[in-house]
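*Asks:* Below is the file entry.txt, with compact mmCIF, C-alpha atoms.
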```txt
# COMPACT_ATOMS: atom_id res chain seq x y z
CA MET A 1 109.62 45.72 124.38
CA THR A 2 112.07 42.94 125.15
CA ASP A 3 111.51 39.33 126.14
CA SER A 4 113.60 39.70 129.28
CA PRO A 5 114.20 42.55 131.71
CA THR A 6 117.70 43.11 130.35
CA GLU A 7 119.21 42.71 126.89
CA SER A 8 122.92 42.57 126.18
CA LEU A 9 124.49 44.34 123.21
CA ASP A 10 125.18 40.91 121.70
CA GLU A 11 121.50 40.03 121.97
CA PHE A 12 120.51 43.35 120.47
CA ALA A 13 122.90 42.85 117.52
CA LYS A 14 121.58 39.34 116.91
CA SER A 15 118.03 40.69 116.80
CA LEU A 16 119.00 42.70 113.69
CA SER A 17 120.01 39.53 111.83
CA TYR A 18 116.66 37.97 111.00
CA GLY A 19 115.49 38.41 114.59
CA LYS A 20 112.78 40.52 116.13
CA ARG A 21 114.42 43.74 114.84
CA SER A 22 115.47 42.29 111.50
CA ASP A 23 117.29 44.94 109.49
CA LEU A 24 119.01 43.82 106.30
CA THR A 25 121.24 46.91 106.20
CA PHE A 26 122.72 46.24 109.63
CA LYS A 27 122.40 42.44 109.88
CA PHE A 28 126.21 42.24 109.94
CA LEU A 29 126.39 43.76 113.45
CA PRO A 30 126.54 40.43 115.35
CA ARG A 31 129.76 39.68 113.47
CA PHE A 32 131.47 42.16 115.81
CA ASP A 33 132.48 41.46 119.39
CA GLU A 34 130.45 43.24 122.06
CA PRO A 35 132.85 46.17 122.66
CA THR A 36 132.93 46.88 118.92
CA ILE A 37 129.13 46.76 118.73
CA GLY A 38 128.99 49.38 121.48
CA ASP A 39 131.65 51.55 119.86
CA SER A 40 129.86 51.31 116.49
CA LEU A 41 126.50 52.34 117.91
CA GLY A 42 128.16 55.21 119.78
CA ALA A 43 129.82 56.42 116.60
CA VAL A 44 126.53 56.29 114.68
CA LEU A 45 124.77 58.30 117.37
CA ARG A 46 127.56 60.90 117.41
CA GLU A 47 127.16 61.36 113.64
CA VAL A 48 123.39 61.70 114.01
CA GLY A 49 123.97 64.43 116.56
CA ALA A 50 126.43 66.20 114.27
CA MET A 51 123.76 66.22 111.55
CA PHE A 52 121.56 68.46 113.70
CA ASP A 53 123.97 71.28 112.91
CA SER A 54 125.49 70.29 109.57
CA GLY A 55 122.27 69.08 107.97
CA ASN A 56 124.45 66.78 105.91
CA ALA A 57 124.32 63.01 106.06
CA ALA A 58 127.57 62.40 104.15
CA ASP A 59 129.64 61.47 107.23
CA LEU A 60 126.88 59.23 108.58
CA ILE A 61 126.60 57.43 105.24
CA ASP A 62 130.37 56.98 105.08
CA LEU A 63 130.40 55.59 108.62
CA ALA A 64 127.57 53.13 107.92
CA ILE A 65 129.30 51.86 104.77
CA SER A 66 132.59 51.58 106.64
CA LEU A 67 130.90 49.50 109.35
CA GLN A 68 129.35 47.28 106.67
CA ILE A 69 132.77 46.68 105.17
CA ASP A 70 134.36 45.91 108.55
CA GLY A 71 131.46 43.63 109.46
CA TYR A 72 131.58 41.49 106.34
CA HIS A 73 135.36 41.44 106.18
CA ALA A 74 135.46 40.26 109.80
CA ARG A 75 134.65 36.78 108.56
CA PRO A 76 136.61 35.29 105.65
CA LEU A 77 134.87 33.27 102.98
CA THR A 78 134.45 29.64 103.97
CA GLU A 79 137.43 27.52 102.92
CA ARG A 80 135.13 25.38 100.79
CA TYR A 81 134.60 28.22 98.31
CA ARG A 82 138.13 29.57 98.18
CA TYR A 83 139.98 28.82 94.97
CA ASP A 84 143.67 29.08 94.10
CA ASP A 85 142.92 29.81 90.48
CA GLY A 86 139.98 30.16 88.12
CA PRO A 87 138.92 29.86 84.51
CA PHE A 88 139.69 32.87 82.33
CA SER A 89 138.12 33.40 78.93
CA ARG A 90 139.96 35.90 76.78
CA PRO A 91 137.50 37.91 74.65
CA GLU A 92 137.92 37.44 70.91
CA ARG A 93 136.82 40.99 70.12
CA PRO A 94 136.50 44.34 71.94
CA VAL A 95 133.36 45.12 73.93
CA SER A 96 132.38 47.64 71.24
CA GLU A 97 131.98 44.70 68.85
CA SER A 98 130.71 42.11 71.37
CA ARG A 99 127.32 40.79 72.32
CA VAL A 100 126.90 41.68 75.99
CA ALA A 101 124.38 40.27 78.46
CA LEU A 102 123.43 41.36 81.98
CA LEU A 103 123.01 38.90 84.85
CA THR A 104 122.40 39.96 88.45
CA SER A 105 121.73 38.27 91.80
CA SER A 106 119.38 41.08 92.83
CA GLY A 107 116.16 39.07 92.64
CA HIS A 108 114.50 41.08 89.85
CA PHE A 109 111.78 39.57 87.69
CA ALA A 110 109.20 40.68 85.15
CA ALA A 111 106.05 41.63 87.02
CA ASP A 112 103.99 39.21 84.89
CA ASP A 113 106.47 36.35 85.34
CA ASP A 114 106.86 35.80 89.08
CA PRO A 115 109.29 32.90 89.71
CA ARG A 116 107.06 31.80 92.63
CA PRO A 117 109.82 31.01 95.12
CA LEU A 118 109.14 28.05 97.44
CA GLY A 119 105.94 27.52 95.45
CA VAL A 120 104.38 30.71 96.79
CA GLU A 121 102.40 33.00 94.50
CA SER A 122 103.14 36.71 94.95
CA MET A 123 105.44 36.22 97.93
CA THR A 124 106.03 39.47 99.79
CA GLN A 125 109.46 40.84 100.66
CA VAL A 126 108.60 40.36 104.34
CA GLU A 127 107.91 36.65 103.78
CA ALA A 128 111.10 36.25 101.71
CA GLU A 129 113.08 37.73 104.60
CA ALA A 130 111.32 35.50 107.15
CA ARG A 131 111.99 32.36 105.07
CA ILE A 132 115.61 33.10 104.18
CA SER A 133 116.87 29.80 105.61
CA GLU A 134 114.57 27.93 103.21
CA PHE A 135 115.88 29.96 100.26
CA MET A 136 119.42 28.95 101.24
CA LYS A 137 118.51 25.28 100.69
CA GLU A 138 116.86 25.74 97.29
CA ALA A 139 118.28 25.79 93.77
CA PRO A 140 117.98 29.32 92.35
CA THR A 141 115.60 30.22 89.51
CA LEU A 142 116.90 32.39 86.68
CA SER A 143 114.35 34.99 85.62
CA GLU A 144 114.43 36.22 82.03
CA ILE A 145 113.57 39.90 81.62
CA PRO A 146 113.39 41.86 78.34
CA VAL A 147 115.95 44.69 78.48
CA SER A 148 113.27 46.96 77.03
CA SER A 149 111.10 46.52 80.14
CA PRO A 150 109.84 49.79 81.62
CA ALA A 151 110.20 50.26 85.36
CA ASP A 152 106.52 49.61 86.07
CA LEU A 153 106.81 46.11 84.58
CA LEU A 154 109.73 45.16 86.82
CA ASP A 155 109.55 43.73 90.32
CA VAL A 156 112.14 42.71 92.90
CA ARG A 157 112.14 40.46 95.95
CA HIS A 158 115.14 39.17 97.86
CA GLY A 159 115.25 38.17 101.51
CA GLY A 160 118.99 38.81 101.78
CA TYR A 161 119.35 42.53 101.28
CA ASP A 162 117.52 45.81 101.73
CA ILE A 163 115.65 46.24 98.43
CA ARG A 164 114.51 49.82 99.02
CA GLY A 165 117.21 51.23 96.73
CA SER A 166 116.25 48.76 94.00
CA LEU A 167 112.58 49.65 94.37
CA SER A 168 113.41 53.33 94.03
CA ASP A 169 115.58 52.80 90.94
CA HIS A 170 116.18 49.29 89.58
CA ASN A 171 119.41 50.50 87.98
CA VAL A 172 121.23 50.47 91.35
CA SER A 173 121.38 46.67 91.08
CA PHE A 174 119.77 45.77 87.74
CA PRO A 175 121.04 48.44 85.33
CA ILE A 176 119.10 47.71 82.16
CA ASP A 177 118.47 51.40 81.40
CA ARG A 178 122.19 52.21 81.65
CA MET A 179 123.03 49.18 79.50
CA ARG A 180 120.56 50.30 76.81
CA GLU A 181 122.17 53.75 76.79
CA LEU A 182 125.65 52.27 76.39
CA ASP A 183 124.31 50.12 73.58
CA GLU A 184 122.84 53.17 71.82
CA GLN A 185 126.15 55.03 72.26
CA GLY A 186 128.09 52.19 70.66
CA VAL A 187 130.09 51.38 73.79
CA ILE A 188 128.56 47.91 73.57
CA GLY A 189 128.46 46.11 70.22
CA THR A 190 125.04 44.53 70.82
CA LEU A 191 123.07 44.31 74.03
CA HIS A 192 121.52 40.87 74.44
CA GLU A 193 117.76 41.45 74.40
CA THR A 194 117.17 39.42 77.57
CA ALA A 195 118.60 40.26 80.97
CA TYR A 196 118.80 37.69 83.74
CA SER A 197 118.35 37.83 87.49
CA PHE A 198 118.12 35.41 90.39
CA VAL A 199 118.04 35.46 94.18
CA GLY A 200 121.64 35.08 95.26
CA ALA A 201 120.63 33.68 98.65
CA CYS A 202 120.40 30.05 97.50
CA SER A 203 122.01 26.63 97.81
CA GLN A 204 125.62 26.99 96.65
CA SER A 205 126.02 23.26 96.08
CA ARG A 206 122.96 23.17 93.80
CA LEU A 207 124.17 26.28 92.03
CA ILE A 208 127.58 24.71 91.40
CA LYS A 209 126.37 21.26 90.41
CA GLN A 210 123.16 22.01 88.55
CA THR A 211 121.91 25.48 87.76
CA GLY A 212 125.26 27.20 87.15
CA PRO A 213 126.32 24.86 84.35
CA GLU A 214 122.78 24.99 82.88
CA TRP A 215 122.82 28.79 82.86
CA ALA A 216 126.27 28.87 81.25
CA GLY A 217 124.95 26.64 78.47
CA ARG A 218 121.91 28.86 78.06
CA LEU A 219 124.01 32.03 77.82
CA LYS A 220 126.42 30.36 75.43
CA SER A 221 123.52 29.45 73.12
CA THR A 222 122.55 33.14 72.90
CA GLY A 223 125.89 33.98 71.32
CA SER A 224 126.84 36.28 74.18
CA ASP A 225 130.55 37.09 74.27
CA VAL A 226 130.54 39.01 77.55
CA VAL A 227 128.35 38.92 80.65
CA LEU A 228 128.21 41.84 83.08
CA LEU A 229 127.56 40.37 86.52
CA VAL A 230 126.08 42.33 89.40
CA PRO A 231 126.05 40.75 92.87
CA VAL A 232 124.31 42.69 95.62
CA MET B 1 129.45 34.12 96.50
CA SER B 2 126.61 33.05 94.18
CA VAL B 3 127.71 35.39 91.42
CA GLY B 4 131.28 34.21 91.85
CA HIS B 5 130.19 30.65 91.12
CA VAL B 6 128.20 31.81 88.10
CA ALA B 7 131.24 33.74 86.84
CA ARG B 8 133.42 30.64 87.08
CA GLU B 9 130.86 28.58 85.11
CA LEU B 10 130.50 31.22 82.39
CA GLU B 11 134.26 31.62 82.01
CA ALA B 12 134.66 27.85 81.76
CA ALA B 13 132.03 27.91 78.98
CA GLY B 14 134.07 30.49 77.04
CA ILE B 15 132.19 33.64 78.01
CA ALA B 16 134.17 36.58 79.40
CA THR B 17 132.74 38.05 82.59
CA VAL B 18 133.21 41.11 84.75
CA ALA B 19 131.56 41.52 88.14
CA ILE B 20 130.67 44.70 90.03
CA TYR B 21 131.09 44.14 93.77
CA VAL B 22 130.60 46.50 96.68
CA GLU B 23 133.65 46.81 98.95
CA ALA B 24 131.90 44.86 101.73
CA PHE B 25 132.07 41.73 99.55
CA SER B 26 135.29 42.40 97.63
CA HIS B 27 137.08 39.70 99.63
CA TYR B 28 134.70 37.15 98.11
CA ALA B 29 135.81 38.09 94.60
CA GLU B 30 139.45 37.82 95.65
CA ALA B 31 139.04 34.49 97.45
CA MET B 32 137.10 33.01 94.54
CA HIS B 33 139.78 34.15 92.12
CA LEU B 34 137.33 35.82 89.75
CA PRO B 35 138.72 36.91 86.39
CA ARG B 36 137.70 40.59 86.41
CA THR B 37 136.17 42.60 89.23
CA VAL B 38 135.24 46.23 89.69
CA VAL B 39 134.79 47.26 93.33
CA THR B 40 132.63 50.24 94.29
CA PRO B 41 132.57 52.19 97.59
CA HIS B 42 128.78 51.80 97.73
CA PRO B 43 126.56 50.10 100.31
CA MET B 44 125.26 46.56 100.04
CA GLY B 45 122.30 46.35 97.65
CA ARG B 46 123.34 49.39 95.61
CA PRO B 47 126.51 48.32 93.80
CA LEU B 48 125.98 50.72 90.86
CA GLY B 49 125.39 53.78 93.02
CA PRO B 50 122.50 55.77 94.47
CA PRO B 51 118.98 55.70 93.03
CA GLY B 52 118.65 58.24 90.25
CA ALA B 53 122.41 58.76 89.92
CA ALA B 54 122.55 57.82 86.24
CA ALA B 55 125.98 59.36 85.62
CA ARG B 56 127.53 57.44 88.50
CA GLN B 57 125.86 54.21 87.37
CA ARG B 58 127.21 54.73 83.83
CA GLU B 59 130.68 55.45 85.21
CA VAL B 60 130.73 52.14 87.09
CA ILE B 61 129.52 50.09 84.13
CA ALA B 62 131.94 51.80 81.75
CA ALA B 63 134.83 50.95 84.10
CA ALA B 64 133.69 47.33 84.18
CA LEU B 65 133.47 47.08 80.40
CA ARG B 66 136.90 48.70 80.01
CA LEU B 67 138.31 46.01 82.27
CA VAL B 68 137.01 43.36 79.86
CA ASP B 69 139.03 45.02 77.11
CA THR B 70 142.19 45.55 79.14
CA ALA B 71 142.62 42.65 81.58
CA ASP B 72 145.08 40.15 80.18
CA SER B 73 145.23 37.79 83.15
CA PRO B 74 142.74 36.51 85.77
CA GLY B 75 142.34 38.21 89.11
CA ALA B 76 142.12 41.77 87.72
CA ILE B 77 140.52 44.10 90.29
CA GLU B 78 139.80 47.79 89.79
CA ARG B 79 138.50 50.00 92.58
CA ILE B 80 136.24 52.93 91.68
CA GLY B 81 136.92 56.14 93.58
CA GLY B 82 134.43 58.65 94.90
CA ALA B 83 131.79 58.19 97.55
CA TYR B 84 128.13 57.20 97.86
CA ARG B 85 126.17 60.44 97.69
CA PRO B 86 122.40 60.02 97.13
CA GLY B 87 120.13 62.84 96.12
CA GLY B 88 122.86 65.23 95.08
CA LEU B 89 124.29 65.23 98.61
CA ALA B 90 127.54 67.18 98.58
CA ASP B 91 130.79 65.98 100.14
CA ASP B 92 131.50 69.24 101.93
CA GLY B 93 128.28 69.60 103.88
CA ALA B 94 126.99 72.36 101.61
```
Reformat the file's structure so that it appears as structure tokens.
*Replies:*
Amino acid sequence: MTDSPTESLDEFAKSLSYGKRSDLTFKFLPRFDEPTIGDSLGAVLREVGAMFDSGNAADLIDLAISLQIDGYHARPLTERYRYDDGPFSRPERPVSESRVALLTSSGHFAADDDPRPLGVESMTQVEAEARISEFMKEAPTLSEIPVSSPADLLDVRHGGYDIRGSLSDHNVSFPIDRMRELDEQGVIGTLHETAYSFVGACSQSRLIKQTGPEWAGRLKSTGSDVVLLVPV
Amino acid sequence: MSVGHVARELEAAGIATVAIYVEAFSHYAEAMHLPRTVVTPHPMGRPLGPPGAAARQREVIAAALRLVDTADSPGAIERIGGAYRPGGLADDGA
């Protein structure tokens, strides 16, 4: 059902971005102009039709990823966060002799240590998605998670991306199992016993001025030489 | 861009970083001039690869860690080949 007798393609696309048809996988669609939205939907439907005979979703997956790339690349990063250069720390020893930590923006946390975003206990993913604009004004909270945590003691919540993959296998965005394996194989010198995660949808100014420097100090105090970062 | 800002803070504190971005956000890593970036052809929310694809996930992390050892100047970007194929889905429709 729609609110009006007719709905333009622009209106439809906007409904996917935190609107009445909110869909975090396709929320980029309103970044396209209307003809491109129509062409994109047509292409997706053609691939769905082709699947009836091929039984293979590979081309549809490739198309959806390609549209995601085009959608996000359609808008450059705001000038405020573009930098002509950046700090570069040269490692003093190879990774095989280094202490390595994991830090992700995937919104993972230990199930018994909910960061209680916006002061809410046990916030659902649906509520996180509905309150995304409030998240974008808040300083992020860094969750500490033992790298030995089994899957059933992990949780994830993030109103900015489709968490279904992360729920199915946390390693797609929070790869502590893979990191433990690389540690056991000697690829990593020592895996830092705590992994870190936060919700990347947050106030950038607070991250830059407050939490970012605090986190860097915290990681430095652990003796970590290298940090593997995973944005989602 | 949140992870980009964290990377810049960590590097300034003397900690080497490498970030694993999906292609959809690779332009953020470039614009923020991050020191080391691995870019995967995976969808948003699954930068390491499909659920259950342990070998692919290991491949991506190994590439990232190699970049820490080999990059000798900031702005190093390595793109991982292959495609996103969940559940053992084959490339050829088989």
*Asks:* Give me the chain A side of the contact with chain B, cut-off 7 Å, one line per residue showing its nearest atom pair and distance in Å at one decimal, counting all atoms listed in the file, sorted by chain and residue number, as CSV.
*Replies:*
```
residue,atom,partner,partner_atom,distance
A:Ser54,CA,B:Gly93,CA,6.4
A:Asn56,CA,B:Gly93,CA,5.2
A:Ala58,CA,B:Asp91,CA,6.3
A:Ile65,CA,B:Pro43,CA,5.5
A:Gln68,CA,B:Ala24,CA,6.1
A:Ile69,CA,B:Ala24,CA,4.0
A:Tyr72,CA,B:Ala24,CA,5.7
A:His73,CA,B:Ala24,CA,6.6
A:Leu77,CA,B:Tyr28,CA,6.2
A:Tyr81,CA,B:Met32,CA,6.6
A:Arg82,CA,B:Ala31,CA,5.1
A:Tyr83,CA,B:Met32,CA,5.1
A:Asp84,CA,B:His33,CA,6.7
A:Asp85,CA,B:His33,CA,5.6
A:Gly86,CA,B:His33,CA,5.7
A:Pro87,CA,B:Ala12,CA,5.5
A:Phe88,CA,B:Glu11,CA,5.6
A:Ser89,CA,B:Ala16,CA,5.1
A:Arg90,CA,B:Ala16,CA,6.4
A:Pro91,CA,B:Ala16,CA,6.0
A:Pro94,CA,B:Asp69,CA,5.8
A:Val95,CA,B:Asp69,CA,6.5
A:Ser105,CA,B:Val3,CA,6.6
A:Tyr161,CA,B:Gly45,CA,6.0
A:Asp162,CA,B:Gly45,CA,6.3
A:Ile163,CA,B:Gly45,CA,6.7
A:Gly165,CA,B:Pro51,CA,6.1
A:Ser168,CA,B:Pro51,CA,6.1
A:Asp169,CA,B:Pro51,CA,4.9
A:Val172,CA,B:Leu48,CA,4.8
A:Ser173,CA,B:Arg46,CA,5.6
A:Arg178,CA,B:Arg58,CA,6.0
A:Gly200,CA,B:Ser2,CA,5.5
A:Gln204,CA,B:Ser2,CA,6.6
A:Ile208,CA,B:His5,CA,6.5
A:Gly212,CA,B:Val6,CA,5.5
A:Pro213,CA,B:Glu9,CA,5.9
A:Ala216,CA,B:Leu10,CA,5.0
A:Asp225,CA,B:Ile15,CA,5.3
A:Val226,CA,B:Ala16,CA,4.7
A:Val227,CA,B:Thr17,CA,4.9
A:Leu228,CA,B:Val18,CA,5.3
A:Leu229,CA,B:Ala19,CA,4.5
A:Val230,CA,B:Ile20,CA,5.2
A:Pro231,CA,B:Val3,CA,5.8
A:Val232,CA,B:Gly45,CA,4.6
```
*Asks:* Include C-alpha atoms and write out the residues we just selected as an mmCIF file, in the coordinates of the input.
*Replies:*
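Final file, again-v5.cif:
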```cif
data_model
loop_
_atom_site.group_PDB
_atom_site.id
_atom_site.type_symbol
_atom_site.label_atom_id
_atom_site.label_comp_id
_atom_site.auth_asym_id
_atom_site.auth_seq_id
_atom_site.Cartn_x
_atom_site.Cartn_y
_atom_site.Cartn_z
ATOM 1 C CA SER A 54 125.490 70.290 109.570
ATOM 2 C CA ASN A 56 124.450 66.780 105.910
ATOM 3 C CA ALA A 58 127.570 62.400 104.150
ATOM 4 C CA ILE A 65 129.300 51.860 104.770
ATOM 5 C CA GLN A 68 129.350 47.280 106.670
ATOM 6 C CA ILE A 69 132.770 46.680 105.170
ATOM 7 C CA TYR A 72 131.580 41.490 106.340
ATOM 8 C CA HIS A 73 135.360 41.440 106.180
ATOM 9 C CA LEU A 77 134.870 33.270 102.980
ATOM 10 C CA TYR A 81 134.600 28.220 98.310
ATOM 11 C CA ARG A 82 138.130 29.570 98.180
ATOM 12 C CA TYR A 83 139.980 28.820 94.970
ATOM 13 C CA ASP A 84 143.670 29.080 94.100
ATOM 14 C CA ASP A 85 142.920 29.810 90.480
ATOM 15 C CA GLY A 86 139.980 30.160 88.120
ATOM 16 C CA PRO A 87 138.920 29.860 84.510
ATOM 17 C CA PHE A 88 139.690 32.870 82.330
ATOM 18 C CA SER A 89 138.120 33.400 78.930
ATOM 19 C CA ARG A 90 139.960 35.900 76.780
ATOM 20 C CA PRO A 91 137.500 37.910 74.650
ATOM 21 C CA PRO A 94 136.500 44.340 71.940
ATOM 22 C CA VAL A 95 133.360 45.120 73.930
ATOM 23 C CA SER A 105 121.730 38.270 91.800
ATOM 24 C CA TYR A 161 119.350 42.530 101.280
ATOM 25 C CA ASP A 162 117.520 45.810 101.730
ATOM 26 C CA ILE A 163 115.650 46.240 98.430
ATOM 27 C CA GLY A 165 117.210 51.230 96.730
ATOM 28 C CA SER A 168 113.410 53.330 94.030
ATOM 29 C CA ASP A 169 115.580 52.800 90.940
ATOM 30 C CA VAL A 172 121.230 50.470 91.350
ATOM 31 C CA SER A 173 121.380 46.670 91.080
ATOM 32 C CA ARG A 178 122.190 52.210 81.650
ATOM 33 C CA GLY A 200 121.640 35.080 95.260
ATOM 34 C CA GLN A 204 125.620 26.990 96.650
ATOM 35 C CA ILE A 208 127.580 24.710 91.400
ATOM 36 C CA GLY A 212 125.260 27.200 87.150
ATOM 37 C CA PRO A 213 126.320 24.860 84.350
ATOM 38 C CA ALA A 216 126.270 28.870 81.250
ATOM 39 C CA ASP A 225 130.550 37.090 74.270
ATOM 40 C CA VAL A 226 130.540 39.010 77.550
ATOM 41 C CA VAL A 227 128.350 38.920 80.650
ATOM 42 C CA LEU A 228 128.210 41.840 83.080
ATOM 43 C CA LEU A 229 127.560 40.370 86.520
ATOM 44 C CA VAL A 230 126.080 42.330 89.400
ATOM 45 C CA PRO A 231 126.050 40.750 92.870
ATOM 46 C CA VAL A 232 124.310 42.690 95.620
#
```
*Asks:* Any idea what's packed within 12 Å of Asp23 in chain A, counting all atoms listed in the file, ignoring anything in its chain fewer than 3 positions away? Could you give it as an mmCIF file with C-alpha atoms, keeping the file's coordinate frame?
*Replies:*
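File result.cif, as written:
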```cif
data_model
loop_
_atom_site.group_PDB
_atom_site.id
_atom_site.type_symbol
_atom_site.label_atom_id
_atom_site.label_comp_id
_atom_site.auth_asym_id
_atom_site.auth_seq_id
_atom_site.Cartn_x
_atom_site.Cartn_y
_atom_site.Cartn_z
ATOM 1 C CA PHE A 12 120.510 43.350 120.470
ATOM 2 C CA ALA A 13 122.900 42.850 117.520
ATOM 3 C CA LYS A 14 121.580 39.340 116.910
ATOM 4 C CA SER A 15 118.030 40.690 116.800
ATOM 5 C CA LEU A 16 119.000 42.700 113.690
ATOM 6 C CA SER A 17 120.010 39.530 111.830
ATOM 7 C CA TYR A 18 116.660 37.970 111.000
ATOM 8 C CA GLY A 19 115.490 38.410 114.590
ATOM 9 C CA LYS A 20 112.780 40.520 116.130
ATOM 10 C CA PHE A 26 122.720 46.240 109.630
ATOM 11 C CA LYS A 27 122.400 42.440 109.880
ATOM 12 C CA PHE A 28 126.210 42.240 109.940
ATOM 13 C CA LEU A 29 126.390 43.760 113.450
ATOM 14 C CA PRO A 30 126.540 40.430 115.350
ATOM 15 C CA VAL A 126 108.600 40.360 104.340
ATOM 16 C CA GLU A 129 113.080 37.730 104.600
ATOM 17 C CA ALA A 130 111.320 35.500 107.150
ATOM 18 C CA GLY A 159 115.250 38.170 101.510
ATOM 19 C CA GLY A 160 118.990 38.810 101.780
ATOM 20 C CA TYR A 161 119.350 42.530 101.280
ATOM 21 C CA ASP A 162 117.520 45.810 101.730
ATOM 22 C CA ILE A 163 115.650 46.240 98.430
ATOM 23 C CA ARG A 164 114.510 49.820 99.020
#
```
*Asks:* Please indicate the distance in Å from CA of Arg206 in chain A to CA of Ser122 in chain A, rounded to one decimal place.
*Replies:*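 Going from CA of Arg206 in chain A over to CA of Ser122 in chain A, I get 24.0 Å.
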*Asks:* Kindly give the distance, in Å, that separates CA of Gly71 in chain A and CA of Leu41 in chain A, rounded to a single decimal.
*Replies:*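 So the answer is 13.1 Å.
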*Asks:* Using all atoms listed in the file, which of the listed residues (A:Thr104, A:Thr222, A:Thr211, A:Ser66) sits closest to Ile176 in chain A?
*Replies:*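 Closest to Ile176 in chain A of all the choices is A:Thr104.
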*Asks:* Could you check how far CA of Glu181 in chain A sits from CA of Ala151 in chain A, in Å to one decimal?
*Replies:*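 So the two atoms, CA of Glu181 in chain A and CA of Ala151 in chain A, lie 15.1 Å apart.
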*Asks:* Looking at only C-alpha atoms, which of A:Leu153, A:Asp59, A:Ser8, A:Ser22 is the one that sits closest to Pro35 in chain A?
*Replies:*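 Answer, going by the shortest atom-to-atom distance: A:Ser8.
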*Asks:* Compare A:Ala101, A:Val147, A:Val156, A:Met179 by their minimum atom-to-atom distance to Arg218 in chain A, counting only C-alpha atoms, and give me the closest one.
*Replies:* A:Ala101
*Asks:* Taking all atoms listed in the file into account, name the residue in A:Glu214, A:Glu79, A:Asp177, A:Asp183 that is nearest to Pro140 in chain A.
*Replies:*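 Closest to Pro140 in chain A, using all atoms listed in the file: A:Glu214.
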*Asks:* Which residues, protein or nucleic acid, reach to within 12 Å of (103.9, 36.4, 81.9) in the file's coordinates when using only C-alpha atoms, and can you give that as a list in words?
*Replies:*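 Those residues, ordered by chain and then number, are Phe109, Ala110, Ala111, Asp112, Asp113, Asp114, Pro115, Ser143, Glu144, Ile145, Pro146, Leu153 and Leu154 of chain A.
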*Asks:* Kindly output range 128-141 of chain A as a PDB file, in the frame of the given file, after building N, CA and C atoms.
*Replies:*
```pdb
ATOM      1  N   ALA A 128     109.794  36.703 102.221  1.00  0.00           N
ATOM      2  CA  ALA A 128     111.100  36.250 101.710  1.00  0.00           C
ATOM      3  C   ALA A 128     112.168  36.394 102.787  1.00  0.00           C
ATOM      4  N   GLU A 129     112.119  37.485 103.521  1.00  0.00           N
ATOM      5  CA  GLU A 129     113.080  37.730 104.600  1.00  0.00           C
ATOM      6  C   GLU A 129     112.878  36.696 105.716  1.00  0.00           C
ATOM      7  N   ALA A 130     111.621  36.430 106.063  1.00  0.00           N
ATOM      8  CA  ALA A 130     111.320  35.500 107.150  1.00  0.00           C
ATOM      9  C   ALA A 130     111.706  34.066 106.792  1.00  0.00           C
ATOM     10  N   ARG A 131     111.716  33.747 105.487  1.00  0.00           N
ATOM     11  CA  ARG A 131     111.990  32.360 105.070  1.00  0.00           C
ATOM     12  C   ARG A 131     113.364  32.209 104.430  1.00  0.00           C
ATOM     13  N   ILE A 132     114.293  33.086 104.810  1.00  0.00           N
ATOM     14  CA  ILE A 132     115.610  33.100 104.180  1.00  0.00           C
ATOM     15  C   ILE A 132     116.334  31.762 104.316  1.00  0.00           C
ATOM     16  N   SER A 133     116.162  31.084 105.437  1.00  0.00           N
ATOM     17  CA  SER A 133     116.870  29.800 105.610  1.00  0.00           C
ATOM     18  C   SER A 133     116.357  28.766 104.620  1.00  0.00           C
ATOM     19  N   GLU A 134     115.090  28.866 104.216  1.00  0.00           N
ATOM     20  CA  GLU A 134     114.570  27.930 103.210  1.00  0.00           C
ATOM     21  C   GLU A 134     115.127  28.265 101.830  1.00  0.00           C
ATOM     22  N   PHE A 135     115.265  29.558 101.514  1.00  0.00           N
ATOM     23  CA  PHE A 135     115.880  29.960 100.260  1.00  0.00           C
ATOM     24  C   PHE A 135     117.290  29.382 100.136  1.00  0.00           C
ATOM     25  N   MET A 136     118.020  29.372 101.270  1.00  0.00           N
ATOM     26  CA  MET A 136     119.420  28.950 101.240  1.00  0.00           C
ATOM     27  C   MET A 136     119.570  27.454 100.937  1.00  0.00           C
ATOM     28  N   LYS A 137     118.468  26.710 100.976  1.00  0.00           N
ATOM     29  CA  LYS A 137     118.510  25.280 100.690  1.00  0.00           C
ATOM     30  C   LYS A 137     118.022  24.963  99.280  1.00  0.00           C
ATOM     31  N   GLU A 138     117.495  25.957  98.589  1.00  0.00           N
ATOM     32  CA  GLU A 138     116.860  25.740  97.290  1.00  0.00           C
ATOM     33  C   GLU A 138     117.790  26.079  96.122  1.00  0.00           C
ATOM     34  N   ALA A 139     117.594  25.393  94.997  1.00  0.00           N
ATOM     35  CA  ALA A 139     118.280  25.790  93.770  1.00  0.00           C
ATOM     36  C   ALA A 139     117.693  27.116  93.296  1.00  0.00           C
ATOM     37  N   PRO A 140     118.509  28.029  92.795  1.00  0.00           N
ATOM     38  CA  PRO A 140     117.980  29.320  92.350  1.00  0.00           C
ATOM     39  C   PRO A 140     117.246  29.203  91.008  1.00  0.00           C
ATOM     40  N   THR A 141     116.314  30.130  90.783  1.00  0.00           N
ATOM     41  CA  THR A 141     115.600  30.220  89.510  1.00  0.00           C
ATOM     42  C   THR A 141     116.086  31.451  88.760  1.00  0.00           C
TER      43      THR A 141
END
```
